[in-house]
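> The structure is given below, and queries will be raised subsequently.
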Amino acid sequence: MRAFILILTGFAGGVVVGTALVAFLLVLDVIPRLIQVSDSKEYIKFYQMLVIVGPLLATNFQFYEWQLPFFEIINSILVIIMGFIFGIFIGLLAGALTEVLKVLPILSRRLGLQSYLGELLALIILGKAIGSLIYWLFPTLWPP
Amino acid sequence: MSSMTGKFEIFLRVKRVVKAKPNQRLLVRDLAEVITAEDKQEDLERLGVKEVTKEAGQSMIITALEIIRVIKGQFPEATIEHLGEADVIVDIKTDAKDKRSQDKPSIFYIAAVSVVLFLGSGMAIMNFHADVNMVAVHQQLYQLVMGRFEENPLLLQIPYSIGIACGMIVFFNYIYKYKLDDDPSPLEMEMYLYENKVNQFSLNQKTKEAKKGGNNN
């Protein structure tokens with residue numbers, strides 16, 4: 001009986017978190033933006049499947065502590081590539097967040113800097129990258 | 001004068017927003033695009049509609065009907081075809097204000113805004129990392145690939161930081177002033193939507209005010 005309740009709770013939690021994740025991606029327009037950039041509307045079904053399989057794999061990896069086979073240099077390169085890809089994804093999210101998208105038009109208008117929109121955006125992007133670097137390069141910032 | 005009596009058509013396309021200075025006499029030409037018989041085109045365009053008064057403040061509204069009334073007064077024979085907007089917003093700029101907006105913003109001003117945006121966005125991403133416990137995730141991922149625990153998996157985190165910048169560039173379709181492709185960037189669209197909203201709101205507000213003023217008179 002207890003096991004049954006546990007299964008039910010786990011399943012319900014999964015359903016809610018899963019829908020929340022998809023809603024999150026949709027609200028932020030990340031997928032449409034990527035499709036627009038790559039001009040690949042016809043692969044939409046494939047992308048849908050990826051968005052389902054990706055989190056599924058990630059969840060399993062996180063819960064069961066999976067391990068990839070180890071070949072010294074290849075894994076190091078893989079780590080670098082993975083880090084870069086995660087960064088791109090977070091960059092897409094950070095760009096889509098309302099803090100940038102909704103604030104910049106208002107801010108530039110209020111400040112009378114409409115013609116400097118490109119520069120302001122470049123500054124924000126630079127600030128994000130350097131802020132992130134500082135965060136990781138000085139581990140004392142985040143107590144273990 | 002016999003040529004004035006014949007029937008002819010006037011096509012009138014009223015503009016949406018018009019810029020003006022105080023005491024300027026607004027002509028039909030300023031408020032709308034018009035097409036009519038060739039011999040009357042010049043007279044029609046030079047027809048004065050309304051003067052910008054001091055009392056109008058920063059903006060006033062001229063309805064298409066006012067313009068039509070003036071044209072009808074001058075050319076009673078004309079059939080007027082009205083296209084475009086129902087009202088014109090007249091954006092009144094005094095000289096002093098005009099100068100300020102034309103001047104380049106001072107370097108200190110831009111520097112101050114730049115510092116705020118730069119440091120602020122940096123802090124925001126740090127906040128985000130702390131909020132979602134990004135460290136633990138990176139450590140786990142590092143362990144997945146490399147097979148050992150690493151307190152500071154910089155090999156993952158430095159490319160990650162560069163990736164953030166690349167992701168934002170892809171999203172905004174922007175590198176400084178160079179665009180990646182011809183798609184409109186989300187920021188441009190947002191900017192357009194916002195300005196449209198502002199214009200629509202002020203149009204609404206001014207229509208209301210103009211109607212109020214009309215009732216009082």
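Lettering and numbering for the structure tokens are positional, with chains as A, B, ... in the shown order, residues counted from 1 in each chain, and ligands counted from 1 in the shown order.
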Write out, as a Markdown table, each residue of chain A that has an atom at most 7 Å from chain B, together with the closest pair of atoms and their distance in Å to one decimal, counting only C-alpha atoms, rows going by chain and rising number.

| residue | atom | partner | partner_atom | distance |
| --- | --- | --- | --- | --- |
| A:Arg33 | CA | B:Phe171 | CA | 6.7 |
| A:Trp66 | CA | B:Leu144 | CA | 6.3 |
| A:Gln67 | CA | B:Leu144 | CA | 4.8 |
| A:Leu68 | CA | B:Val145 | CA | 5.4 |
| A:Phe70 | CA | B:Met146 | CA | 6.5 |
| A:Asn75 | CA | B:Met146 | CA | 6.0 |
| A:Val79 | CA | B:Leu156 | CA | 5.5 |
| A:Ile80 | CA | B:Leu156 | CA | 5.3 |
| A:Gly83 | CA | B:Tyr160 | CA | 4.2 |
| A:Phe84 | CA | B:Tyr160 | CA | 4.4 |
| A:Ile85 | CA | B:Gly163 | CA | 6.3 |
| A:Phe86 | CA | B:Tyr160 | CA | 5.9 |
| A:Gly87 | CA | B:Gly163 | CA | 3.9 |
| A:Ile88 | CA | B:Gly167 | CA | 3.9 |
| A:Phe89 | CA | B:Gly167 | CA | 6.1 |
| A:Ile90 | CA | B:Ile164 | CA | 5.8 |
| A:Gly91 | CA | B:Ile164 | CA | 3.9 |
| A:Leu92 | CA | B:Gly167 | CA | 4.8 |
| A:Gly95 | CA | B:Met168 | CA | 5.3 |
| A:Leu101 | CA | B:Leu187 | CA | 6.0 |
| A:Lys102 | CA | B:Glu190 | CA | 7.0 |
| A:Pro105 | CA | B:Met191 | CA | 5.0 |
| A:Gly118 | CA | B:Tyr176 | CA | 5.6 |
| A:Glu119 | CA | B:Tyr176 | CA | 6.2 |
| A:Leu120 | CA | B:Ser114 | CA | 6.8 |
| A:Ala122 | CA | B:Tyr176 | CA | 5.6 |
| A:Leu123 | CA | B:Phe118 | CA | 5.4 |
| A:Ile124 | CA | B:Phe118 | CA | 5.4 |
| A:Ile125 | CA | B:Ala165 | CA | 5.6 |
| A:Leu126 | CA | B:Ala165 | CA | 6.8 |
| A:Gly127 | CA | B:Phe118 | CA | 4.5 |
| A:Lys128 | CA | B:Gly122 | CA | 4.6 |
| A:Ala129 | CA | B:Ser161 | CA | 5.2 |
| A:Ile130 | CA | B:Gly122 | CA | 6.5 |
| A:Gly131 | CA | B:Gly122 | CA | 3.9 |
| A:Ser132 | CA | B:Ser161 | CA | 5.6 |
| A:Leu133 | CA | B:Ser161 | CA | 5.8 |
| A:Tyr135 | CA | B:Met126 | CA | 6.2 |
| A:Trp136 | CA | B:Gln157 | CA | 6.6 |
> Could you turn the residues from that selection into a file that holds C-alpha atoms, as a PDB file, in the first residue's frame?

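Below is the file selection38.pdb, written as the result:
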ATOM      1  CA  ARG A  33      14.025  30.905 -31.983  1.00  0.00           C
ATOM      2  CA  TRP A  66      25.777   6.755 -14.561  1.00  0.00           C
ATOM      3  CA  GLN A  67      29.347   6.812 -15.793  1.00  0.00           C
ATOM      4  CA  LEU A  68      30.762   7.194 -19.297  1.00  0.00           C
ATOM      5  CA  PHE A  70      36.912   6.825 -19.842  1.00  0.00           C
ATOM      6  CA  ASN A  75      36.691  12.774 -22.252  1.00  0.00           C
ATOM      7  CA  VAL A  79      33.770  18.006 -21.171  1.00  0.00           C
ATOM      8  CA  ILE A  80      34.846  21.193 -22.940  1.00  0.00           C
ATOM      9  CA  GLY A  83      30.337  22.952 -21.198  1.00  0.00           C
ATOM     10  CA  PHE A  84      30.158  25.114 -24.294  1.00  0.00           C
ATOM     11  CA  ILE A  85      26.816  23.621 -25.354  1.00  0.00           C
ATOM     12  CA  PHE A  86      25.300  24.045 -21.884  1.00  0.00           C
ATOM     13  CA  GLY A  87      26.495  27.622 -21.991  1.00  0.00           C
ATOM     14  CA  ILE A  88      24.759  28.231 -25.305  1.00  0.00           C
ATOM     15  CA  PHE A  89      21.535  26.859 -23.923  1.00  0.00           C
ATOM     16  CA  ILE A  90      21.729  28.953 -20.765  1.00  0.00           C
ATOM     17  CA  GLY A  91      22.623  31.940 -22.946  1.00  0.00           C
ATOM     18  CA  LEU A  92      19.450  31.388 -24.961  1.00  0.00           C
ATOM     19  CA  GLY A  95      18.427  36.207 -23.453  1.00  0.00           C
ATOM     20  CA  LEU A 101      13.783  41.310 -23.558  1.00  0.00           C
ATOM     21  CA  LYS A 102      11.150  43.434 -21.878  1.00  0.00           C
ATOM     22  CA  PRO A 105      13.129  48.510 -24.917  1.00  0.00           C
ATOM     23  CA  GLY A 118      23.274  47.390 -30.012  1.00  0.00           C
ATOM     24  CA  GLU A 119      25.930  48.672 -27.635  1.00  0.00           C
ATOM     25  CA  LEU A 120      23.704  48.132 -24.599  1.00  0.00           C
ATOM     26  CA  ALA A 122      26.695  43.890 -26.313  1.00  0.00           C
ATOM     27  CA  LEU A 123      27.417  45.132 -22.783  1.00  0.00           C
ATOM     28  CA  ILE A 124      24.800  42.853 -21.281  1.00  0.00           C
ATOM     29  CA  ILE A 125      26.147  39.847 -23.163  1.00  0.00           C
ATOM     30  CA  LEU A 126      29.702  40.666 -22.111  1.00  0.00           C
ATOM     31  CA  GLY A 127      28.564  41.191 -18.530  1.00  0.00           C
ATOM     32  CA  LYS A 128      26.887  37.780 -18.476  1.00  0.00           C
ATOM     33  CA  ALA A 129      29.960  35.967 -19.795  1.00  0.00           C
ATOM     34  CA  ILE A 130      32.383  37.740 -17.482  1.00  0.00           C
ATOM     35  CA  GLY A 131      30.090  37.475 -14.480  1.00  0.00           C
ATOM     36  CA  SER A 132      29.851  33.751 -15.077  1.00  0.00           C
ATOM     37  CA  LEU A 133      33.640  33.451 -15.431  1.00  0.00           C
ATOM     38  CA  TYR A 135      31.702  33.100 -10.446  1.00  0.00           C
ATOM     39  CA  TRP A 136      33.567  29.958 -11.458  1.00  0.00           C
TER      40      TRP A 136
END
> DSSP on the backbone, strand (DSSP E or B) only: what residues of region 58-118 of chain B does that give? Format it as an NGL selection string.
:B and (59-63 or 78-84 or 87-92)
> Applying 7 Å and only C-alpha atoms, which residues near Glu85 (chain B) remain after dropping the ones on its own chain fewer than 6 positions away? List them as a list of chain:residue names.
B:Val14, B:Lys15, B:Arg16
> Selection from above, N, CA, C and O atoms, as a PDB file, in the first residue's frame, can you write it?

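Generated output (result_38.pdb):
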ATOM      1  N   VAL B  14      -4.709  60.035 -44.305  1.00  0.00           N
ATOM      2  CA  VAL B  14      -4.304  60.756 -43.106  1.00  0.00           C
ATOM      3  C   VAL B  14      -3.142  60.035 -42.444  1.00  0.00           C
ATOM      4  O   VAL B  14      -3.147  58.817 -42.318  1.00  0.00           O
ATOM      5  N   LYS B  15      -2.123  60.807 -42.030  1.00  0.00           N
ATOM      6  CA  LYS B  15      -0.962  60.213 -41.371  1.00  0.00           C
ATOM      7  C   LYS B  15      -1.293  59.867 -39.928  1.00  0.00           C
ATOM      8  O   LYS B  15      -2.288  60.330 -39.378  1.00  0.00           O
ATOM      9  N   ARG B  16      -0.429  59.089 -39.337  1.00  0.00           N
ATOM     10  CA  ARG B  16      -0.682  58.597 -37.984  1.00  0.00           C
ATOM     11  C   ARG B  16      -0.124  59.557 -36.932  1.00  0.00           C
ATOM     12  O   ARG B  16      -0.828  60.010 -36.053  1.00  0.00           O
TER      13      ARG B  16
END
> From a DSSP pass on the backbone, collect the residues of chain B flagged as helix (DSSP H, G or I) and hand them back as a compact mmCIF listing (two decimals) with N, CA and C atoms, in the first residue's frame.

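Ended up saving to selection00.txt:
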# COMPACT_ATOMS: atom_id res chain seq x y z
N SER B 2 -14.13 78.80 -63.76
CA SER B 2 -15.04 77.75 -64.22
C SER B 2 -14.42 76.38 -63.99
N SER B 3 -13.08 76.32 -63.98
CA SER B 3 -12.45 75.02 -63.79
C SER B 3 -12.68 74.51 -62.37
N MET B 4 -12.92 75.40 -61.42
CA MET B 4 -13.12 74.99 -60.03
C MET B 4 -14.47 74.35 -59.80
N THR B 5 -15.40 74.60 -60.71
CA THR B 5 -16.76 74.13 -60.43
C THR B 5 -16.98 72.68 -60.83
N VAL B 28 -2.44 70.93 -45.02
CA VAL B 28 -2.95 69.60 -45.41
C VAL B 28 -1.78 68.69 -45.74
N ARG B 29 -0.75 69.28 -46.38
CA ARG B 29 0.43 68.53 -46.77
C ARG B 29 1.11 67.86 -45.56
N ASP B 30 1.08 68.58 -44.40
CA ASP B 30 1.74 68.04 -43.21
C ASP B 30 0.97 66.88 -42.60
N LEU B 31 -0.34 66.92 -42.75
CA LEU B 31 -1.19 65.99 -42.01
C LEU B 31 -1.56 64.76 -42.81
N GLU B 38 -4.60 67.45 -61.18
CA GLU B 38 -3.28 68.05 -61.19
C GLU B 38 -3.29 69.56 -60.93
N ASP B 39 -4.28 70.24 -61.50
CA ASP B 39 -4.28 71.70 -61.35
C ASP B 39 -4.65 72.15 -59.95
N LYS B 40 -5.22 71.25 -59.15
CA LYS B 40 -5.60 71.65 -57.79
C LYS B 40 -4.67 71.09 -56.73
N GLN B 41 -3.79 70.24 -57.14
CA GLN B 41 -2.91 69.57 -56.18
C GLN B 41 -2.18 70.57 -55.28
N GLU B 42 -1.57 71.57 -55.91
CA GLU B 42 -0.78 72.55 -55.17
C GLU B 42 -1.64 73.31 -54.17
N ASP B 43 -2.79 73.80 -54.63
CA ASP B 43 -3.68 74.56 -53.74
C ASP B 43 -4.12 73.72 -52.56
N LEU B 44 -4.44 72.47 -52.86
CA LEU B 44 -4.93 71.58 -51.82
C LEU B 44 -3.87 71.34 -50.75
N GLU B 45 -2.65 71.08 -51.21
CA GLU B 45 -1.60 70.77 -50.25
C GLU B 45 -1.27 71.96 -49.38
N LYS B 54 -0.19 77.33 -28.14
CA LYS B 54 0.61 77.09 -26.93
C LYS B 54 -0.14 76.21 -25.95
N GLU B 55 -1.47 76.42 -25.91
CA GLU B 55 -2.29 75.70 -24.92
C GLU B 55 -2.31 74.20 -25.18
N ALA B 56 -1.99 73.83 -26.40
CA ALA B 56 -2.10 72.41 -26.75
C ALA B 56 -1.12 71.56 -25.95
N ALA B 64 -9.69 63.35 -38.73
CA ALA B 64 -9.79 63.40 -40.19
C ALA B 64 -10.97 64.28 -40.59
N LEU B 65 -12.01 64.29 -39.77
CA LEU B 65 -13.19 65.09 -40.10
C LEU B 65 -12.87 66.58 -40.16
N GLU B 66 -11.99 67.03 -39.25
CA GLU B 66 -11.59 68.44 -39.28
C GLU B 66 -10.91 68.78 -40.60
N ILE B 67 -10.02 67.86 -41.02
CA ILE B 67 -9.31 68.10 -42.28
C ILE B 67 -10.31 68.13 -43.44
N ILE B 68 -11.24 67.17 -43.40
CA ILE B 68 -12.23 67.09 -44.48
C ILE B 68 -13.09 68.36 -44.51
N ARG B 69 -13.43 68.85 -43.30
CA ARG B 69 -14.25 70.06 -43.24
C ARG B 69 -13.55 71.23 -43.92
N VAL B 70 -12.25 71.37 -43.62
CA VAL B 70 -11.47 72.46 -44.22
C VAL B 70 -11.43 72.31 -45.73
N ILE B 71 -11.17 71.08 -46.18
CA ILE B 71 -11.09 70.86 -47.63
C ILE B 71 -12.43 71.14 -48.29
N LYS B 72 -13.50 70.67 -47.64
CA LYS B 72 -14.85 70.89 -48.17
C LYS B 72 -15.16 72.39 -48.28
N GLY B 73 -14.66 73.13 -47.26
CA GLY B 73 -14.89 74.57 -47.27
C GLY B 73 -14.25 75.23 -48.48
N GLN B 74 -13.08 74.73 -48.86
CA GLN B 74 -12.36 75.33 -49.97
C GLN B 74 -12.79 74.76 -51.32
N ASP B 95 11.64 73.95 -29.17
CA ASP B 95 12.99 73.94 -29.70
C ASP B 95 13.99 73.38 -28.71
N ALA B 96 13.82 73.78 -27.43
CA ALA B 96 14.78 73.36 -26.42
C ALA B 96 14.80 71.83 -26.32
N LYS B 97 13.62 71.27 -26.32
CA LYS B 97 13.51 69.82 -26.19
C LYS B 97 14.11 69.13 -27.42
N ASP B 98 13.84 69.74 -28.54
CA ASP B 98 14.34 69.18 -29.78
C ASP B 98 15.87 69.09 -29.76
N LYS B 99 16.47 70.17 -29.25
CA LYS B 99 17.92 70.23 -29.20
C LYS B 99 18.46 69.12 -28.33
N ARG B 100 17.79 68.93 -27.18
CA ARG B 100 18.29 67.94 -26.25
C ARG B 100 18.26 66.54 -26.86
N SER B 101 17.18 66.26 -27.59
CA SER B 101 17.07 64.91 -28.13
C SER B 101 17.99 64.72 -29.33
N GLN B 102 18.37 65.86 -29.96
CA GLN B 102 19.26 65.72 -31.10
C GLN B 102 20.72 65.62 -30.68
N ILE B 107 29.04 61.53 -22.61
CA ILE B 107 29.83 60.31 -22.47
C ILE B 107 29.70 59.75 -21.05
N PHE B 108 29.52 60.66 -20.06
CA PHE B 108 29.41 60.19 -18.67
C PHE B 108 28.10 59.44 -18.48
N TYR B 109 27.08 59.98 -19.10
CA TYR B 109 25.76 59.35 -19.03
C TYR B 109 25.82 57.94 -19.58
N ILE B 110 26.40 57.82 -20.77
CA ILE B 110 26.51 56.49 -21.39
C ILE B 110 27.38 55.58 -20.54
N ALA B 111 28.47 56.15 -20.00
CA ALA B 111 29.36 55.33 -19.17
C ALA B 111 28.61 54.81 -17.95
N ALA B 112 27.80 55.67 -17.33
CA ALA B 112 27.07 55.26 -16.13
C ALA B 112 26.09 54.13 -16.47
N VAL B 113 25.33 54.32 -17.55
CA VAL B 113 24.38 53.28 -17.95
C VAL B 113 25.12 51.99 -18.26
N SER B 114 26.26 52.13 -18.95
CA SER B 114 27.03 50.95 -19.33
C SER B 114 27.48 50.17 -18.12
N VAL B 115 28.01 50.90 -17.12
CA VAL B 115 28.51 50.22 -15.92
C VAL B 115 27.37 49.48 -15.24
N VAL B 116 26.22 50.13 -15.13
CA VAL B 116 25.08 49.50 -14.46
C VAL B 116 24.67 48.23 -15.20
N LEU B 117 24.55 48.33 -16.51
CA LEU B 117 24.11 47.16 -17.27
C LEU B 117 25.14 46.04 -17.20
N PHE B 118 26.40 46.41 -17.34
CA PHE B 118 27.47 45.42 -17.37
C PHE B 118 27.55 44.66 -16.04
N LEU B 119 27.68 45.42 -14.95
CA LEU B 119 27.79 44.79 -13.64
C LEU B 119 26.49 44.10 -13.26
N GLY B 120 25.38 44.74 -13.60
CA GLY B 120 24.07 44.18 -13.23
C GLY B 120 23.83 42.84 -13.89
N SER B 121 24.12 42.75 -15.19
CA SER B 121 23.86 41.48 -15.86
C SER B 121 24.83 40.42 -15.36
N GLY B 122 26.05 40.83 -15.03
CA GLY B 122 27.00 39.89 -14.44
C GLY B 122 26.48 39.35 -13.13
N MET B 123 25.97 40.25 -12.30
CA MET B 123 25.46 39.83 -11.00
C MET B 123 24.23 38.94 -11.17
N ALA B 124 23.42 39.26 -12.18
CA ALA B 124 22.20 38.48 -12.39
C ALA B 124 22.53 37.03 -12.73
N ILE B 125 23.59 36.83 -13.54
CA ILE B 125 23.92 35.44 -13.90
C ILE B 125 24.51 34.72 -12.69
N MET B 126 25.26 35.45 -11.85
CA MET B 126 25.77 34.83 -10.61
C MET B 126 24.62 34.41 -9.71
N ASN B 127 23.66 35.31 -9.60
CA ASN B 127 22.46 35.02 -8.83
C ASN B 127 21.79 33.76 -9.31
N PHE B 128 21.68 33.68 -10.63
CA PHE B 128 21.04 32.52 -11.25
C PHE B 128 21.79 31.24 -10.91
N HIS B 129 23.14 31.30 -11.02
CA HIS B 129 23.94 30.11 -10.71
C HIS B 129 23.74 29.66 -9.28
N ALA B 130 23.73 30.64 -8.37
CA ALA B 130 23.55 30.30 -6.96
C ALA B 130 22.14 29.77 -6.72
N ASP B 131 21.19 30.35 -7.42
CA ASP B 131 19.78 30.02 -7.22
C ASP B 131 19.50 28.57 -7.61
N MET B 134 24.02 25.60 -9.59
CA MET B 134 24.70 25.19 -10.81
C MET B 134 25.99 24.43 -10.50
N VAL B 135 26.63 24.75 -9.35
CA VAL B 135 27.90 24.09 -9.00
C VAL B 135 27.71 22.59 -8.91
N ALA B 136 26.68 22.17 -8.17
CA ALA B 136 26.45 20.75 -7.97
C ALA B 136 26.21 20.06 -9.31
N VAL B 137 25.44 20.71 -10.18
CA VAL B 137 25.15 20.12 -11.48
C VAL B 137 26.42 19.96 -12.30
N HIS B 138 27.26 21.00 -12.27
CA HIS B 138 28.51 20.92 -13.02
C HIS B 138 29.41 19.82 -12.46
N GLN B 139 29.45 19.71 -11.14
CA GLN B 139 30.28 18.66 -10.53
C GLN B 139 29.78 17.28 -10.95
N GLN B 140 28.44 17.13 -10.95
CA GLN B 140 27.87 15.84 -11.34
C GLN B 140 28.19 15.52 -12.79
N LEU B 141 28.05 16.53 -13.66
CA LEU B 141 28.31 16.32 -15.08
C LEU B 141 29.78 15.98 -15.31
N TYR B 142 30.63 16.68 -14.57
CA TYR B 142 32.07 16.42 -14.70
C TYR B 142 32.37 14.98 -14.32
N GLN B 143 31.71 14.53 -13.27
CA GLN B 143 31.93 13.17 -12.81
C GLN B 143 31.40 12.16 -13.83
N LEU B 144 30.29 12.50 -14.46
CA LEU B 144 29.71 11.62 -15.48
C LEU B 144 30.71 11.35 -16.59
N VAL B 145 31.40 12.40 -17.02
CA VAL B 145 32.29 12.25 -18.16
C VAL B 145 33.68 11.80 -17.73
N MET B 146 34.23 12.47 -16.72
CA MET B 146 35.63 12.23 -16.37
C MET B 146 35.83 11.11 -15.36
N LEU B 154 36.63 23.43 -13.74
CA LEU B 154 36.81 24.59 -14.64
C LEU B 154 36.81 24.18 -16.11
N LEU B 155 37.22 22.93 -16.38
CA LEU B 155 37.25 22.45 -17.75
C LEU B 155 35.84 22.52 -18.36
N LEU B 156 34.84 22.36 -17.53
CA LEU B 156 33.45 22.44 -17.98
C LEU B 156 32.96 23.89 -17.92
N GLN B 157 33.42 24.60 -16.92
CA GLN B 157 32.78 25.88 -16.61
C GLN B 157 33.25 27.04 -17.48
N ILE B 158 34.51 27.00 -17.91
CA ILE B 158 35.00 28.10 -18.75
C ILE B 158 34.36 28.06 -20.14
N PRO B 159 34.32 26.87 -20.80
CA PRO B 159 33.57 26.83 -22.07
C PRO B 159 32.10 27.18 -21.87
N TYR B 160 31.56 26.79 -20.73
CA TYR B 160 30.17 27.12 -20.43
C TYR B 160 29.95 28.63 -20.43
N SER B 161 30.90 29.36 -19.80
CA SER B 161 30.76 30.82 -19.73
C SER B 161 30.81 31.46 -21.11
N ILE B 162 31.73 30.94 -21.94
CA ILE B 162 31.82 31.47 -23.31
C ILE B 162 30.55 31.13 -24.07
N GLY B 163 30.03 29.92 -23.80
CA GLY B 163 28.80 29.49 -24.45
C GLY B 163 27.63 30.40 -24.15
N ILE B 164 27.57 30.93 -22.92
CA ILE B 164 26.47 31.84 -22.57
C ILE B 164 26.45 33.02 -23.53
N ALA B 165 27.64 33.59 -23.75
CA ALA B 165 27.71 34.73 -24.67
C ALA B 165 27.25 34.32 -26.07
N CYS B 166 27.71 33.15 -26.54
CA CYS B 166 27.33 32.69 -27.89
C CYS B 166 25.83 32.48 -27.98
N GLY B 167 25.26 31.87 -26.94
CA GLY B 167 23.82 31.62 -26.95
C GLY B 167 23.03 32.90 -27.04
N MET B 168 23.46 33.91 -26.29
CA MET B 168 22.73 35.17 -26.31
C MET B 168 22.87 35.85 -27.68
N ILE B 169 24.06 35.71 -28.27
CA ILE B 169 24.25 36.30 -29.60
C ILE B 169 23.34 35.62 -30.61
N VAL B 170 23.24 34.29 -30.52
CA VAL B 170 22.35 33.57 -31.44
C VAL B 170 20.91 34.02 -31.21
N PHE B 171 20.53 34.14 -29.94
CA PHE B 171 19.15 34.51 -29.65
C PHE B 171 18.83 35.90 -30.20
N PHE B 172 19.72 36.81 -29.99
CA PHE B 172 19.44 38.19 -30.40
C PHE B 172 19.87 38.49 -31.83
N PRO B 186 14.56 39.17 -31.84
CA PRO B 186 13.47 39.28 -30.88
C PRO B 186 13.45 40.65 -30.20
N LEU B 187 14.64 41.21 -30.02
CA LEU B 187 14.69 42.51 -29.36
C LEU B 187 14.08 43.60 -30.23
N GLU B 188 14.38 43.54 -31.53
CA GLU B 188 13.79 44.52 -32.44
C GLU B 188 12.27 44.41 -32.44
N MET B 189 11.79 43.16 -32.43
CA MET B 189 10.34 42.95 -32.43
C MET B 189 9.72 43.49 -31.15
N GLU B 190 10.41 43.20 -30.04
CA GLU B 190 9.91 43.66 -28.74
C GLU B 190 9.88 45.18 -28.70
N MET B 191 10.95 45.78 -29.25
CA MET B 191 11.07 47.24 -29.32
C MET B 191 9.90 47.82 -30.13
N TYR B 192 9.65 47.18 -31.27
CA TYR B 192 8.57 47.63 -32.15
C TYR B 192 7.23 47.52 -31.44
N LEU B 193 7.00 46.37 -30.80
CA LEU B 193 5.73 46.16 -30.10
C LEU B 193 5.55 47.21 -29.00
N TYR B 194 6.65 47.44 -28.27
CA TYR B 194 6.57 48.38 -27.16
C TYR B 194 6.24 49.79 -27.66
N GLU B 195 6.94 50.22 -28.71
CA GLU B 195 6.69 51.58 -29.22
C GLU B 195 5.28 51.69 -29.76
N ASN B 196 4.82 50.61 -30.40
CA ASN B 196 3.45 50.60 -30.89
C ASN B 196 2.46 50.77 -29.75
N LYS B 197 2.73 50.04 -28.67
CA LYS B 197 1.85 50.11 -27.51
C LYS B 197 1.82 51.52 -26.96
N VAL B 198 3.02 52.12 -26.82
CA VAL B 198 3.11 53.48 -26.29
C VAL B 198 2.32 54.44 -27.17
N ASN B 199 2.52 54.33 -28.48
CA ASN B 199 1.81 55.21 -29.40
C ASN B 199 0.31 55.03 -29.30
N GLN B 200 -0.10 53.76 -29.24
CA GLN B 200 -1.52 53.47 -29.19
C GLN B 200 -2.13 54.04 -27.92
N PHE B 201 -1.38 53.86 -26.81
CA PHE B 201 -1.88 54.35 -25.54
C PHE B 201 -2.05 55.87 -25.58
N SER B 202 -1.01 56.55 -26.09
CA SER B 202 -1.10 58.01 -26.09
C SER B 202 -2.17 58.48 -27.06
N LEU B 203 -2.35 57.74 -28.15
CA LEU B 203 -3.43 58.07 -29.08
C LEU B 203 -4.77 58.00 -28.37
N ASN B 204 -4.94 56.89 -27.64
CA ASN B 204 -6.18 56.68 -26.89
C ASN B 204 -6.41 57.82 -25.90
N GLN B 205 -5.32 58.10 -25.14
CA GLN B 205 -5.39 59.12 -24.10
C GLN B 205 -5.75 60.47 -24.70
N LYS B 206 -5.10 60.79 -25.83
CA LYS B 206 -5.30 62.10 -26.43
C LYS B 206 -6.68 62.22 -27.05
N THR B 207 -7.15 61.10 -27.60
CA THR B 207 -8.51 61.13 -28.14
C THR B 207 -9.50 61.45 -27.04
N LYS B 208 -9.28 60.80 -25.88
CA LYS B 208 -10.15 61.04 -24.74
C LYS B 208 -10.12 62.51 -24.36
N GLU B 209 -8.87 63.05 -24.22
CA GLU B 209 -8.71 64.45 -23.82
C GLU B 209 -9.38 65.38 -24.82
N ALA B 210 -9.13 65.08 -26.10
CA ALA B 210 -9.68 65.95 -27.14
C ALA B 210 -11.20 65.96 -27.07
N LYS B 211 -11.77 64.78 -26.80
CA LYS B 211 -13.23 64.70 -26.71
C LYS B 211 -13.74 65.49 -25.52
N LYS B 212 -13.03 65.36 -24.39
CA LYS B 212 -13.39 66.13 -23.20
C LYS B 212 -13.39 67.61 -23.52
N GLY B 213 -12.26 68.07 -24.13
CA GLY B 213 -12.11 69.49 -24.46
C GLY B 213 -13.25 69.95 -25.35
N GLY B 214 -13.64 69.12 -26.31
CA GLY B 214 -14.72 69.47 -27.23
C GLY B 214 -16.03 69.69 -26.49
N ASN B 215 -16.29 68.86 -25.49
CA ASN B 215 -17.53 68.98 -24.73
C ASN B 215 -17.58 70.28 -23.94
N ASN B 216 -16.40 70.64 -23.35
CA ASN B 216 -16.35 71.86 -22.55
C ASN B 216 -16.60 73.09 -23.41
> Env of Gly14 (chain A): 12 Å cut, atoms = only C-alpha atoms, seq-sep filter 6 positions within chain, self excluded. Answer as an MDAnalysis selection string.
chainID A and resid 7:8 20:21 55:56 59
